[in-house]
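File shown: run-v5.json (JSON, C-alpha atoms).
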```json
[["chain", "number", "residue", "atom", "x", "y", "z"],
["A", 1, "MET", "CA", 0.00, 0.00, 0.00],
["A", 2, "THR", "CA", 1.41, 3.28, -1.07],
["A", 3, "THR", "CA", 1.23, 6.16, 1.35],
["A", 4, "LEU", "CA", 0.74, 9.57, -0.22],
["A", 5, "PRO", "CA", 2.95, 12.35, 1.16],
["A", 6, "THR", "CA", 1.15, 14.96, 3.20],
["A", 7, "ASN", "CA", 1.69, 18.69, 3.86],
["A", 8, "GLU", "CA", 3.60, 19.21, 0.62],
["A", 9, "THR", "CA", 3.19, 22.23, -1.59],
["A", 10, "ASN", "CA", 4.26, 22.66, -5.19],
["A", 11, "THR", "CA", 4.02, 26.42, -5.21],
["A", 12, "ASP", "CA", 6.58, 28.07, -7.46],
["A", 13, "ASN", "CA", 7.76, 30.95, -5.28],
["A", 14, "GLY", "CA", 9.74, 32.53, -8.12],
["A", 15, "ALA", "CA", 6.74, 32.69, -10.43],
["A", 16, "GLY", "CA", 4.53, 33.91, -7.61],
["A", 17, "ASP", "CA", 6.93, 36.72, -6.69],
["A", 18, "LYS", "CA", 7.24, 37.70, -10.32],
["A", 19, "THR", "CA", 3.45, 37.85, -10.76],
["A", 20, "HIS", "CA", 3.12, 39.84, -7.56],
["A", 21, "SER", "CA", 5.78, 42.29, -8.78],
["A", 22, "ILE", "CA", 4.04, 42.79, -12.12],
["A", 23, "LEU", "CA", 0.73, 43.45, -10.37],
["A", 24, "GLU", "CA", 2.39, 45.99, -8.10],
["A", 25, "HIS", "CA", 3.80, 47.81, -11.12],
["A", 26, "LEU", "CA", 0.40, 47.79, -12.80],
["A", 27, "TYR", "CA", -1.26, 49.19, -9.67],
["A", 28, "GLU", "CA", 1.39, 51.88, -9.42],
["A", 29, "LEU", "CA", 1.00, 52.73, -13.12],
["A", 30, "ARG", "CA", -2.76, 52.97, -12.70],
["A", 31, "ARG", "CA", -2.33, 55.30, -9.72],
["A", 32, "ARG", "CA", 0.06, 57.60, -11.59],
["A", 33, "VAL", "CA", -2.24, 57.70, -14.63],
["A", 34, "LEU", "CA", -5.18, 58.49, -12.35],
["A", 35, "TYR", "CA", -3.28, 61.31, -10.65],
["A", 36, "SER", "CA", -2.29, 62.72, -14.04],
["A", 37, "PHE", "CA", -5.87, 62.54, -15.29],
["A", 38, "VAL", "CA", -7.19, 64.28, -12.17],
["A", 39, "ALA", "CA", -4.56, 67.03, -12.53],
["A", 40, "LEU", "CA", -5.45, 67.58, -16.18],
["A", 41, "LEU", "CA", -9.16, 67.57, -15.39],
["A", 42, "ALA", "CA", -8.73, 70.10, -12.57],
["A", 43, "GLY", "CA", -6.63, 72.27, -14.85],
["A", 44, "PHE", "CA", -9.28, 72.01, -17.55],
["A", 45, "PHE", "CA", -12.10, 73.29, -15.35],
["A", 46, "VAL", "CA", -10.01, 76.18, -14.05],
["A", 47, "SER", "CA", -8.86, 77.03, -17.58],
["A", 48, "PHE", "CA", -12.41, 76.85, -18.92],
["A", 49, "TYR", "CA", -13.48, 79.46, -16.35],
["A", 50, "PHE", "CA", -10.71, 81.76, -17.62],
["A", 51, "ALA", "CA", -11.00, 80.68, -21.27],
["A", 52, "ASN", "CA", -11.83, 84.15, -22.60],
["A", 53, "ASP", "CA", -8.92, 85.70, -20.70],
["A", 54, "ILE", "CA", -6.54, 83.05, -22.06],
["A", 55, "PHE", "CA", -7.87, 83.58, -25.58],
["A", 56, "ASN", "CA", -7.37, 87.34, -25.25],
["A", 57, "PHE", "CA", -3.80, 86.68, -24.15],
["A", 58, "LEU", "CA", -3.15, 84.52, -27.22],
["A", 59, "THR", "CA", -4.67, 87.13, -29.54],
["A", 60, "GLN", "CA", -2.57, 89.97, -28.08],
["A", 61, "PRO", "CA", 0.24, 89.57, -30.65],
["A", 62, "LEU", "CA", -2.32, 89.96, -33.44],
["A", 63, "MET", "CA", -3.84, 93.01, -31.76],
["A", 64, "ASP", "CA", -0.39, 94.57, -31.43],
["A", 65, "VAL", "CA", 0.21, 94.13, -35.16],
["A", 66, "PHE", "CA", -3.24, 95.52, -35.99],
["A", 67, "GLY", "CA", -2.55, 98.68, -34.02],
["A", 68, "ASP", "CA", -5.99, 100.26, -34.34],
["A", 69, "THR", "CA", -8.42, 97.45, -33.49],
["A", 70, "SER", "CA", -11.64, 99.49, -33.74],
["A", 71, "ASN", "CA", -12.49, 97.95, -37.13],
["A", 72, "ARG", "CA", -10.88, 94.57, -36.53],
["A", 73, "ARG", "CA", -12.48, 91.32, -35.38],
["A", 74, "LEU", "CA", -12.24, 87.55, -35.30],
["A", 75, "ILE", "CA", -15.30, 85.67, -36.49],
["A", 76, "TYR", "CA", -16.90, 82.28, -36.01],
["A", 77, "THR", "CA", -19.31, 80.85, -38.56],
["A", 78, "GLY", "CA", -20.88, 78.03, -36.54],
["A", 79, "LEU", "CA", -23.13, 78.42, -33.52],
["A", 80, "ALA", "CA", -21.05, 76.06, -31.41],
["A", 81, "GLU", "CA", -17.64, 77.00, -32.82],
["A", 82, "LYS", "CA", -16.64, 79.42, -30.05],
["A", 83, "PHE", "CA", -17.84, 76.98, -27.36],
["A", 84, "PHE", "CA", -15.76, 74.11, -28.74],
["A", 85, "THR", "CA", -12.87, 76.49, -29.25],
["A", 86, "ASN", "CA", -12.99, 77.30, -25.53],
["A", 87, "ILE", "CA", -12.98, 73.57, -24.74],
["A", 88, "LYS", "CA", -9.95, 73.03, -26.97],
["A", 89, "LEU", "CA", -8.26, 76.05, -25.44],
["A", 90, "SER", "CA", -8.94, 74.78, -21.91],
["A", 91, "PHE", "CA", -7.33, 71.41, -22.62],
["A", 92, "PHE", "CA", -4.38, 73.22, -24.16],
["A", 93, "ALA", "CA", -3.95, 75.52, -21.16],
["A", 94, "SER", "CA", -4.38, 72.61, -18.75],
["A", 95, "PHE", "CA", -1.60, 70.66, -20.45],
["A", 96, "MET", "CA", 0.69, 73.68, -20.42],
["A", 97, "VAL", "CA", 0.15, 74.35, -16.71],
["A", 98, "MET", "CA", 0.14, 70.72, -15.59],
["A", 99, "PHE", "CA", 3.06, 69.60, -17.75],
["A", 100, "PRO", "CA", 5.49, 69.62, -14.76],
["A", 101, "VAL", "CA", 2.95, 67.59, -12.76],
["A", 102, "LEU", "CA", 2.75, 64.98, -15.53],
["A", 103, "LEU", "CA", 6.53, 64.76, -15.65],
["A", 104, "MET", "CA", 6.65, 64.34, -11.89],
["A", 105, "GLN", "CA", 4.18, 61.46, -12.06],
["A", 106, "ILE", "CA", 6.32, 59.78, -14.71],
["A", 107, "TRP", "CA", 9.37, 60.28, -12.54],
["A", 108, "MET", "CA", 7.67, 58.86, -9.44],
["A", 109, "PHE", "CA", 6.75, 55.75, -11.43],
["A", 110, "VAL", "CA", 10.20, 55.25, -12.95],
["A", 111, "ALA", "CA", 12.48, 56.40, -10.10],
["A", 112, "PRO", "CA", 11.97, 53.39, -7.75],
["A", 113, "GLY", "CA", 13.39, 51.11, -10.45],
["A", 114, "LEU", "CA", 16.58, 53.15, -10.81],
["A", 115, "TYR", "CA", 19.78, 53.02, -8.81],
["A", 116, "LYS", "CA", 20.75, 56.04, -6.74],
["A", 117, "ASN", "CA", 23.42, 57.16, -9.21],
["A", 118, "GLU", "CA", 20.96, 56.75, -12.10],
["A", 119, "ARG", "CA", 18.41, 58.93, -10.34],
["A", 120, "ALA", "CA", 21.08, 61.57, -9.77],
["A", 121, "VAL", "CA", 21.90, 61.50, -13.50],
["A", 122, "PHE", "CA", 18.38, 61.67, -14.90],
["A", 123, "LEU", "CA", 16.79, 64.09, -12.40],
["A", 124, "PRO", "CA", 18.45, 67.19, -13.98],
["A", 125, "PHE", "CA", 16.98, 66.20, -17.35],
["A", 126, "LEU", "CA", 13.55, 66.04, -15.73],
["A", 127, "VAL", "CA", 14.00, 69.59, -14.48],
["A", 128, "MET", "CA", 15.28, 70.83, -17.84],
["A", 129, "THR", "CA", 12.30, 69.46, -19.79],
["A", 130, "PRO", "CA", 9.56, 71.89, -18.62],
["A", 131, "VAL", "CA", 12.05, 74.78, -18.55],
["A", 132, "LEU", "CA", 13.02, 74.26, -22.20],
["A", 133, "PHE", "CA", 9.39, 73.75, -23.21],
["A", 134, "ALA", "CA", 8.42, 77.04, -21.54],
["A", 135, "LEU", "CA", 11.37, 78.72, -23.24],
["A", 136, "GLY", "CA", 10.20, 77.49, -26.64],
["A", 137, "ALA", "CA", 6.61, 78.58, -25.99],
["A", 138, "SER", "CA", 7.77, 82.03, -24.85],
["A", 139, "PHE", "CA", 10.02, 82.37, -27.88],
["A", 140, "VAL", "CA", 7.19, 81.70, -30.32],
["A", 141, "TYR", "CA", 4.76, 84.00, -28.46],
["A", 142, "TYR", "CA", 7.04, 87.01, -28.05],
["A", 143, "PHE", "CA", 9.11, 86.74, -31.23],
["A", 144, "VAL", "CA", 7.71, 84.45, -33.91],
["A", 145, "LEU", "CA", 4.01, 85.36, -33.73],
["A", 146, "PRO", "CA", 4.47, 89.15, -34.12],
["A", 147, "VAL", "CA", 6.85, 88.61, -37.04],
["A", 148, "ALA", "CA", 4.60, 86.03, -38.74],
["A", 149, "TRP", "CA", 1.40, 88.07, -38.28],
["A", 150, "HIS", "CA", 3.13, 91.19, -39.62],
["A", 151, "PHE", "CA", 4.22, 89.19, -42.68],
["A", 152, "PHE", "CA", 0.75, 87.81, -43.41],
["A", 153, "LEU", "CA", -1.00, 91.14, -42.87],
["A", 154, "GLY", "CA", 1.31, 92.62, -45.48],
["A", 155, "PHE", "CA", -0.90, 90.99, -48.12],
["A", 156, "GLU", "CA", -3.87, 93.21, -47.24],
["A", 157, "GLN", "CA", -4.70, 96.00, -49.63],
["A", 158, "ILE", "CA", -6.79, 99.16, -49.43],
["A", 159, "GLY", "CA", -9.81, 99.43, -51.70],
["A", 160, "THR", "CA", -9.54, 101.87, -54.59],
["A", 161, "ALA", "CA", -11.59, 102.73, -57.66],
["A", 162, "THR", "CA", -9.87, 99.96, -59.56],
["A", 163, "ALA", "CA", -9.27, 97.35, -56.84],
["A", 164, "LEU", "CA", -11.28, 95.75, -54.07],
["A", 165, "ALA", "CA", -10.16, 95.97, -50.49],
["A", 166, "VAL", "CA", -8.54, 92.85, -49.08],
["A", 167, "GLU", "CA", -8.77, 92.55, -45.29],
["A", 168, "LEU", "CA", -8.14, 89.76, -42.83],
["A", 169, "GLU", "CA", -11.15, 88.29, -41.05],
["A", 170, "SER", "CA", -9.73, 85.20, -39.41],
["A", 171, "LYS", "CA", -11.90, 82.51, -37.83],
["A", 172, "VAL", "CA", -11.58, 81.94, -34.10],
["A", 173, "ASP", "CA", -10.93, 78.21, -34.41],
["A", 174, "GLU", "CA", -8.40, 78.60, -37.23],
["A", 175, "TYR", "CA", -6.45, 81.26, -35.37],
["A", 176, "LEU", "CA", -6.32, 79.25, -32.14],
["A", 177, "SER", "CA", -5.34, 76.04, -33.94],
["A", 178, "LEU", "CA", -2.44, 77.79, -35.65],
["A", 179, "VAL", "CA", -1.20, 79.38, -32.42],
["A", 180, "MET", "CA", -1.42, 76.10, -30.48],
["A", 181, "ARG", "CA", 0.39, 74.22, -33.23],
["A", 182, "LEU", "CA", 3.21, 76.76, -33.20],
["A", 183, "ILE", "CA", 3.52, 76.71, -29.41],
["A", 184, "PHE", "CA", 3.65, 72.91, -29.31],
["A", 185, "ALA", "CA", 6.06, 72.79, -32.25],
["A", 186, "PHE", "CA", 8.51, 75.22, -30.69],
["A", 187, "GLY", "CA", 8.04, 73.81, -27.20],
["A", 188, "PHE", "CA", 8.87, 70.25, -28.20],
["A", 189, "ALA", "CA", 11.59, 71.35, -30.64],
["A", 190, "PHE", "CA", 13.37, 73.10, -27.78],
["A", 191, "GLU", "CA", 13.61, 69.70, -26.04],
["A", 192, "LEU", "CA", 16.38, 68.79, -28.47],
["A", 193, "PRO", "CA", 19.21, 69.19, -25.91],
["A", 194, "VAL", "CA", 17.40, 66.90, -23.45],
["A", 195, "VAL", "CA", 17.04, 64.16, -26.07],
["A", 196, "LEU", "CA", 20.61, 64.43, -27.32],
["A", 197, "LEU", "CA", 22.17, 64.57, -23.86],
["A", 198, "LEU", "CA", 20.13, 61.58, -22.73],
["A", 199, "LEU", "CA", 21.46, 59.66, -25.73],
["A", 200, "VAL", "CA", 24.99, 60.76, -24.86],
["A", 201, "GLN", "CA", 24.54, 59.84, -21.21],
["A", 202, "SER", "CA", 23.20, 56.43, -22.27],
["A", 203, "ARG", "CA", 26.28, 56.03, -24.52],
["A", 204, "ILE", "CA", 24.15, 55.51, -27.61],
["A", 205, "ILE", "CA", 25.94, 58.43, -29.27],
["A", 206, "ASP", "CA", 28.95, 60.53, -28.30],
["A", 207, "THR", "CA", 30.38, 64.00, -28.85],
["A", 208, "ALA", "CA", 32.33, 62.93, -31.92],
["A", 209, "TRP", "CA", 29.15, 61.59, -33.51],
["A", 210, "LEU", "CA", 27.34, 64.88, -32.85],
["A", 211, "ARG", "CA", 30.13, 66.87, -34.45],
["A", 212, "LYS", "CA", 30.29, 64.55, -37.42],
["A", 213, "LYS", "CA", 26.53, 64.82, -38.06],
["A", 214, "ARG", "CA", 26.41, 68.63, -37.66],
["A", 215, "ARG", "CA", 25.65, 69.37, -41.33],
["A", 216, "TYR", "CA", 22.82, 66.84, -41.36],
["A", 217, "ALA", "CA", 21.45, 68.40, -38.19],
["A", 218, "ILE", "CA", 21.41, 71.83, -39.87],
["A", 219, "LEU", "CA", 19.55, 70.40, -42.85],
["A", 220, "PHE", "CA", 17.10, 68.60, -40.56],
["A", 221, "ALA", "CA", 16.47, 71.83, -38.61],
["A", 222, "PHE", "CA", 15.38, 73.67, -41.76],
["A", 223, "VAL", "CA", 13.26, 70.74, -42.98],
["A", 224, "LEU", "CA", 11.54, 70.46, -39.59],
["A", 225, "ALA", "CA", 10.97, 74.22, -39.51],
["A", 226, "ALA", "CA", 9.39, 74.09, -42.97],
["A", 227, "ILE", "CA", 7.00, 71.36, -41.80],
["A", 228, "LEU", "CA", 5.99, 72.80, -38.42],
["A", 229, "THR", "CA", 5.76, 76.53, -39.09],
["A", 230, "PRO", "CA", 3.56, 78.64, -41.38],
["A", 231, "PRO", "CA", 4.81, 78.98, -44.96],
["A", 232, "ASP", "CA", 6.68, 82.24, -44.41],
["A", 233, "PRO", "CA", 10.47, 82.36, -44.40],
["A", 234, "LEU", "CA", 10.74, 84.41, -41.21],
["A", 235, "SER", "CA", 8.90, 81.82, -39.08],
["A", 236, "GLN", "CA", 10.89, 78.99, -40.61],
["A", 237, "ILE", "CA", 14.20, 80.74, -39.94],
["A", 238, "GLY", "CA", 12.90, 81.65, -36.48],
["A", 239, "LEU", "CA", 12.64, 77.94, -35.62],
["A", 240, "ALA", "CA", 15.64, 76.65, -37.58],
["A", 241, "ILE", "CA", 18.19, 79.04, -36.05],
["A", 242, "PRO", "CA", 17.31, 78.21, -32.40],
["A", 243, "LEU", "CA", 17.41, 74.49, -33.23],
["A", 244, "ILE", "CA", 20.91, 74.85, -34.66],
["A", 245, "ILE", "CA", 22.00, 76.85, -31.61],
["A", 246, "LEU", "CA", 20.51, 74.22, -29.28],
["A", 247, "TYR", "CA", 22.35, 71.51, -31.21],
["A", 248, "GLU", "CA", 25.64, 73.33, -30.65],
["A", 249, "VAL", "CA", 24.79, 73.78, -26.97],
["A", 250, "SER", "CA", 24.16, 70.03, -26.78],
["A", 251, "ILE", "CA", 27.64, 69.36, -28.17],
["A", 252, "ILE", "CA", 29.21, 71.64, -25.56],
["A", 253, "CYS", "CA", 27.22, 70.02, -22.74],
["A", 254, "SER", "CA", 28.10, 66.54, -23.99],
["A", 255, "VAL", "CA", 31.79, 67.41, -23.62],
["A", 256, "PHE", "CA", 31.26, 68.24, -19.95],
["A", 257, "LEU", "CA", 29.21, 65.08, -19.49],
["A", 258, "ALA", "CA", 32.01, 62.97, -20.97],
["A", 259, "LYS", "CA", 34.59, 64.65, -18.72],
["A", 260, "GLY", "CA", 32.43, 64.14, -15.64],
["A", 261, "ARG", "CA", 31.84, 60.49, -16.49],
["A", 262, "LYS", "CA", 35.57, 59.93, -17.09],
["A", 263, "LYS", "CA", 36.45, 61.54, -13.76],
["A", 264, "HIS", "CA", 33.81, 59.47, -11.96],
["A", 265, "THR", "CA", 35.21, 56.27, -13.51],
["A", 266, "THR", "CA", 38.75, 57.23, -12.51],
["A", 267, "ASP", "CA", 37.68, 57.92, -8.91],
["A", 268, "GLU", "CA", 35.91, 54.56, -8.73],
["A", 269, "ASN", "CA", 39.00, 52.74, -10.02],
["A", 270, "GLU", "CA", 41.22, 54.46, -7.46],
["A", 271, "THR", "CA", 38.79, 53.61, -4.67],
["A", 272, "ASN", "CA", 38.73, 49.95, -5.73],
["A", 273, "LYS", "CA", 42.54, 49.82, -5.77],
["A", 274, "GLU", "CA", 42.71, 51.27, -2.27],
["A", 275, "THR", "CA", 40.15, 48.73, -1.07],
["A", 276, "ASP", "CA", 42.09, 45.85, -2.59]]
```

Would you mind giving the structure from this file in structure tokens?
Amino acid sequence: MTTLPTNETNTDNGAGDKTHSILEHLYELRRRVLYSFVALLAGFFVSFYFANDIFNFLTQPLMDVFGDTSNRRLIYTGLAEKFFTNIKLSFFASFMVMFPVLLMQIWMFVAPGLYKNERAVFLPFLVMTPVLFALGASFVYYFVLPVAWHFFLGFEQIGTATALAVELESKVDEYLSLVMRLIFAFGFAFELPVVLLLLVQSRIIDTAWLRKKRRYAILFAFVLAAILTPPDPLSQIGLAIPLIILYEVSIICSVFLAKGRKKHTTDENETNKETD
């Protein structure tokens, strides 16, 4: 008669721990996504309350170019167009204001999986990201928009006995869409140093590679500017030149990163020799 063994378990602890770890990551991801959604939603409702003020702020460059605004206006041709424009504007403003909060949620999700030295390396890039985005948005608002609007308004003409008057009557939605596209384009384009320095820090590329590809970077800057900006040369140059400057700044910063990494490696080797 065969006696069956009792009180034995065949539980695979490794698989169980792995499943538990994955579930913990999923719960943490869900929490960070929920916090981000709540932040965006709160920003949306606040922005919607101030939607007209925000819209007036975004139209200020056009008003400055107009000069005398007594006979000027923006129009909307659909009953619900201005309402949906305010909704779009509120989401836009919410993203702009809550962008640092979103980055912080991403960092809080990723940071626990990094070593201490890795967190020290990547935290400055996290700080640089919203700063550079704000710099790009400010650049397009205070420099590019006035120049671009002045260029486009140059095609107006005064009515005479032999020619009809040509005046701008822009739609609300079209104007806002163009401004938001420019702000996002310049904001994300100004993140170029963050991307390049992260690649350098990760040793995917190095300073020599950046210098070697400089001419291709210049060409890419002008192609990207032609795609993202209105079809006037001043706006395109206004984006291409900062991108080229930021590329050169990235090369300079990559040199300092390489020196710092070399020094850190040397210090570690000396410490290990002393320990041995």

Next item on the list: Figure out the distance between CA of Asn86 in chain A and CA of Val179 in chain A, please, to one decimal in Å.
Entry: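 Here the two named atoms are 13.8 Å from each other.
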
What lies within 9 Å of range 212-216 of chain A using all atoms listed in the file, ignoring chain neighbours under 5 positions off, as a compact mmCIF listing (two decimals) with C-alpha atoms, in the frame of the given file?
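result_8.txt written:
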```txt
# COMPACT_ATOMS: atom_id res chain seq x y z
CA THR A 207 30.38 64.00 -28.85
CA ALA A 221 16.47 71.83 -38.61
CA ILE A 244 20.91 74.85 -34.66
CA TYR A 247 22.35 71.51 -31.21
CA GLU A 248 25.64 73.33 -30.65
```

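Non-sequential neighbours of Ile252 in chain A (distance at most 12 Å, separation of 4 or more positions within a chain, only C-alpha atoms) are A:Pro193, A:Leu196, A:Leu197, A:Val200, A:Asp206, A:Thr207, A:Ala208, A:Leu210, A:Arg211, A:Ile245, A:Leu246, A:Tyr247, A:Glu248, A:Phe256, A:Leu257, A:Ala258, A:Lys259.
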
Can you write just those residues out, C-alpha atoms, as a PDB file, in the coordinates of the input?
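Result file is selection-v7.pdb:
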```
ATOM      1  CA  PRO A 193      19.210  69.190 -25.910  1.00  0.00           C
ATOM      2  CA  LEU A 196      20.610  64.430 -27.320  1.00  0.00           C
ATOM      3  CA  LEU A 197      22.170  64.570 -23.860  1.00  0.00           C
ATOM      4  CA  VAL A 200      24.990  60.760 -24.860  1.00  0.00           C
ATOM      5  CA  ASP A 206      28.950  60.530 -28.300  1.00  0.00           C
ATOM      6  CA  THR A 207      30.380  64.000 -28.850  1.00  0.00           C
ATOM      7  CA  ALA A 208      32.330  62.930 -31.920  1.00  0.00           C
ATOM      8  CA  LEU A 210      27.340  64.880 -32.850  1.00  0.00           C
ATOM      9  CA  ARG A 211      30.130  66.870 -34.450  1.00  0.00           C
ATOM     10  CA  ILE A 245      22.000  76.850 -31.610  1.00  0.00           C
ATOM     11  CA  LEU A 246      20.510  74.220 -29.280  1.00  0.00           C
ATOM     12  CA  TYR A 247      22.350  71.510 -31.210  1.00  0.00           C
ATOM     13  CA  GLU A 248      25.640  73.330 -30.650  1.00  0.00           C
ATOM     14  CA  PHE A 256      31.260  68.240 -19.950  1.00  0.00           C
ATOM     15  CA  LEU A 257      29.210  65.080 -19.490  1.00  0.00           C
ATOM     16  CA  ALA A 258      32.010  62.970 -20.970  1.00  0.00           C
ATOM     17  CA  LYS A 259      34.590  64.650 -18.720  1.00  0.00           C
TER      18      LYS A 259
END
```

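Minimum atom-to-atom distances from A:Ile75, A:Ala148, A:Ala80, A:Met98 to Val38 in chain A were compared using only C-alpha atoms, and the lowest value belongs to A:Met98.
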
Check: What separation in Å, quoted to one decimal, exists between CA of Ser170 in chain A and CA of Leu74 in chain A?
Finding: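 Here the two named atoms are 5.4 Å from each other.
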
Next item on the list: Just the residues within 12 Å of Leu126 in chain A, please, counting all atoms listed in the file, with nothing from its chain fewer than 3 positions along; format it as number ranges by chain.
Entry: A: 99-108, 110-111, 119-123, 129-133, 191, 194-195, 197-198

Check: What gap, in Å, lies between CA of Phe125 in chain A and CA of Phe188 in chain A?
Finding: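 For CA of Phe125 in chain A relative to CA of Phe188 in chain A, the distance reads 14.1 Å.
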
Item checked: Residues near Pro242 in chain A, cut-off 12 Å, all atoms listed in the file, skip fewer than 6 positions along chain, as a PyMOL selection string -> chain A and resi 132+135-136+139-140+143-144+186-187+189-193+218+221-222+225+235-236+248-249

Note to self: From the options A:Ser254, A:Asp232, A:Leu224, A:Phe109, which residue's atoms come nearest to Tyr27 in chain A, counting all atoms listed in the file?
What the structure shows: A:Phe109

Item checked: Counting only C-alpha atoms, the residue of A:Leu41, A:Val172, A:Met63, A:Val97 that sits nearest Gly78 in chain A ->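 Checking each candidate against Gly78 in chain A, we get A:Val172 as the closest.
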
Note to self: Considering only C-alpha atoms, can you say which of A:Ser47, A:Thr77, A:Thr229, A:Asn71 comes closest to Phe91 in chain A?
What the structure shows: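 Of all the options, A:Ser47 lies closest to Phe91 in chain A.
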
Identify, on the basis of only C-alpha atoms, every residue whose closest approach to Pro61 in chain A does not exceed 8 Å; exclude the query and any residue fewer than 2 positions from it along the same chain; express the result as a PDB file with C-alpha atoms, in the frame of the given file.
```pdb
ATOM      1  CA  LEU A  58      -3.150  84.520 -27.220  1.00  0.00           C
ATOM      2  CA  THR A  59      -4.670  87.130 -29.540  1.00  0.00           C
ATOM      3  CA  MET A  63      -3.840  93.010 -31.760  1.00  0.00           C
ATOM      4  CA  ASP A  64      -0.390  94.570 -31.430  1.00  0.00           C
ATOM      5  CA  VAL A  65       0.210  94.130 -35.160  1.00  0.00           C
ATOM      6  CA  TYR A 141       4.760  84.000 -28.460  1.00  0.00           C
ATOM      7  CA  TYR A 142       7.040  87.010 -28.050  1.00  0.00           C
ATOM      8  CA  LEU A 145       4.010  85.360 -33.730  1.00  0.00           C
ATOM      9  CA  PRO A 146       4.470  89.150 -34.120  1.00  0.00           C
ATOM     10  CA  TRP A 149       1.400  88.070 -38.280  1.00  0.00           C
TER      11      TRP A 149
END
```

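Compared by their closest atoms to Phe37 in chain A, and using all atoms listed in the file, the residues A:Ser70, A:Gln60, A:Ser94, A:Phe50 rank with A:Ser94 nearest.
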
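Take the candidates A:Pro230, A:Pro124, A:Gly67, A:Pro112 and check each one against Ser177 in chain A using only C-alpha atoms; the shortest distance goes to A:Pro230.
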
Put the listed atoms of range 206-212 of chain A in a box along x, y and z with 5 Å added on every side and give me the centre and edge lengths in Å to one decimal, as lines of an AutoDock Vina configuration file.
```
center_x = 29.8
center_y = 63.7
center_z = -32.9
size_x = 15.0
size_y = 16.3
size_z = 19.1
```
